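Only one structure is covered here, and it is reproduced in the block below.
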Amino acid sequence: MPVVVTAVFRPVEGKKQQLSEALRSAIPAVHEEDGCLLYAIHDAADGTITMVEKWTTADLLEAHAQGPAVEALDAAVAPFLASPTVVTKMEAIPAGTNRQGLL
């Protein structure tokens, strides 16, 4: 079953644009990784940026987490983070239709 992940990034005051650009720079490499179905950033009303991810398997997600793309992403965003990134791994609870009830 696919694994969904959210990663919430809280920027240093006045550095949200730089954080966004640092995240954008990492996305193409991640999109090329085996198992990546979704890797997209979203601007949240609370001032954070949230990465929404979907991976085909937990093993490929773990390979991503230990790989060079995440290492590069971590280095790129570090100067712009006010606090550690909050990462949450989730498995779907199917409800309704597959198109509307699963991410």
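Each chain in the structure tokens gets a letter, A, B, ..., in the order shown, and its residues are numbered from 1; ligands are numbered from 1 in order too.
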
Using backbone DSSP assignments, extract all strand (DSSP E or B) residues from range 40-95 of chain A; output them as a PyMOL selection string.
chain A and resi 40-43+49-55+81+86-91

Surrounding residues of Leu19 in chain A excluding itself and chain neighbours under 6 positions, 8 Å, only C-alpha atoms, as a PyMOL selection string
chain A and resi 11+77+80-81

Expected file contents, prior selection, N, CA and C atoms, as a JSON list (two decimals), in the first residue's frame:
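Below is the file that was written, out-v6.json:
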```json
[["chain", "number", "residue", "atom", "x", "y", "z"],
["A", 11, "PRO", "N", 9.37, 28.56, 8.49],
["A", 11, "PRO", "CA", 10.49, 29.44, 8.11],
["A", 11, "PRO", "C", 10.86, 30.45, 9.19],
["A", 77, "VAL", "N", 17.68, 23.93, 2.88],
["A", 77, "VAL", "CA", 16.65, 24.60, 3.68],
["A", 77, "VAL", "C", 17.13, 25.00, 5.08],
["A", 80, "PHE", "N", 17.04, 28.55, 6.57],
["A", 80, "PHE", "CA", 15.76, 29.24, 6.53],
["A", 80, "PHE", "C", 14.71, 28.66, 7.49],
["A", 81, "LEU", "N", 15.11, 27.68, 8.31],
["A", 81, "LEU", "CA", 14.17, 27.02, 9.22],
["A", 81, "LEU", "C", 14.24, 27.61, 10.62]]
```

Using only C-alpha atoms, can you tell me which of A:Val12, A:Glu91, A:Ala65, A:Leu73 comes closest to Arg24 in chain A?
A:Leu73

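Omitting Pro79 in chain A and its sequence neighbours fewer than 3 positions away, and counting only C-alpha atoms, the residues within 10 Å are A:Pro11, A:Val12, A:Lys15, A:Gln18, A:Leu19, A:Ala22, A:Asp74, A:Ala75, A:Ala76, A:Ala82.
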
Compare A:Cys36, A:Val8, A:Met1, A:Ile93 by their minimum atom-to-atom distance to His64 in chain A, counting only C-alpha atoms, and give me the closest one.
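The shortest atom-to-atom distance to His64 in chain A comes from A:Cys36.
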
Residue neighbourhood range 48-54 of chain A, 10 Å, only C-alpha atoms, exclusion window fewer than 2 positions, as a PyMOL selection string
chain A and resi 2-12+16+19-20+23+35-46+56-58+61+85-91+103

What does the file look like for those residues with C-alpha atoms, as a PDB file, in the first residue's frame?
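This went into result_14.pdb:
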```pdb
ATOM      1  CA  PRO A   2       1.323   3.496  -0.812  1.00  0.00           C
ATOM      2  CA  VAL A   3       2.641   5.700   1.976  1.00  0.00           C
ATOM      3  CA  VAL A   4       1.688   9.370   2.307  1.00  0.00           C
ATOM      4  CA  VAL A   5       3.950  11.815   4.116  1.00  0.00           C
ATOM      5  CA  THR A   6       3.615  15.407   5.168  1.00  0.00           C
ATOM      6  CA  ALA A   7       6.620  17.498   6.094  1.00  0.00           C
ATOM      7  CA  VAL A   8       5.848  20.872   7.663  1.00  0.00           C
ATOM      8  CA  PHE A   9       8.560  23.536   7.375  1.00  0.00           C
ATOM      9  CA  ARG A  10       8.405  26.615   9.625  1.00  0.00           C
ATOM     10  CA  PRO A  11      10.488  29.436   8.108  1.00  0.00           C
ATOM     11  CA  VAL A  12      12.557  31.986   9.953  1.00  0.00           C
ATOM     12  CA  LYS A  16       9.602  32.163   3.619  1.00  0.00           C
ATOM     13  CA  LEU A  19      12.680  28.535   1.998  1.00  0.00           C
ATOM     14  CA  SER A  20      10.216  28.045  -0.848  1.00  0.00           C
ATOM     15  CA  LEU A  23      12.481  23.441  -1.558  1.00  0.00           C
ATOM     16  CA  GLY A  35       8.646   5.085  -5.987  1.00  0.00           C
ATOM     17  CA  CYS A  36       7.874   8.813  -5.964  1.00  0.00           C
ATOM     18  CA  LEU A  37       4.230   9.325  -6.919  1.00  0.00           C
ATOM     19  CA  LEU A  38       3.821  12.817  -5.471  1.00  0.00           C
ATOM     20  CA  TYR A  39       6.213  15.391  -4.014  1.00  0.00           C
ATOM     21  CA  ALA A  40       4.620  18.822  -3.916  1.00  0.00           C
ATOM     22  CA  ILE A  41       4.925  21.937  -1.744  1.00  0.00           C
ATOM     23  CA  HIS A  42       1.999  24.003  -0.499  1.00  0.00           C
ATOM     24  CA  ASP A  43       1.797  27.400   1.184  1.00  0.00           C
ATOM     25  CA  ALA A  44      -0.239  27.178   4.401  1.00  0.00           C
ATOM     26  CA  ALA A  45      -2.236  30.019   5.931  1.00  0.00           C
ATOM     27  CA  ASP A  46      -0.360  29.616   9.229  1.00  0.00           C
ATOM     28  CA  THR A  56       4.679   3.405  -3.723  1.00  0.00           C
ATOM     29  CA  THR A  57       6.203   1.533  -0.757  1.00  0.00           C
ATOM     30  CA  ALA A  58       7.626   2.175   2.694  1.00  0.00           C
ATOM     31  CA  LEU A  61      10.298   6.045   1.040  1.00  0.00           C
ATOM     32  CA  THR A  85      10.725  19.978  10.232  1.00  0.00           C
ATOM     33  CA  VAL A  86       7.718  17.971  11.438  1.00  0.00           C
ATOM     34  CA  VAL A  87       7.386  14.789   9.367  1.00  0.00           C
ATOM     35  CA  THR A  88       4.307  12.560   9.565  1.00  0.00           C
ATOM     36  CA  LYS A  89       4.010   9.199   7.765  1.00  0.00           C
ATOM     37  CA  MET A  90       0.497   7.953   7.046  1.00  0.00           C
ATOM     38  CA  GLU A  91      -1.315   4.996   5.540  1.00  0.00           C
ATOM     39  CA  LEU A 103      -4.693  10.288  -1.823  1.00  0.00           C
TER      40      LEU A 103
END
```
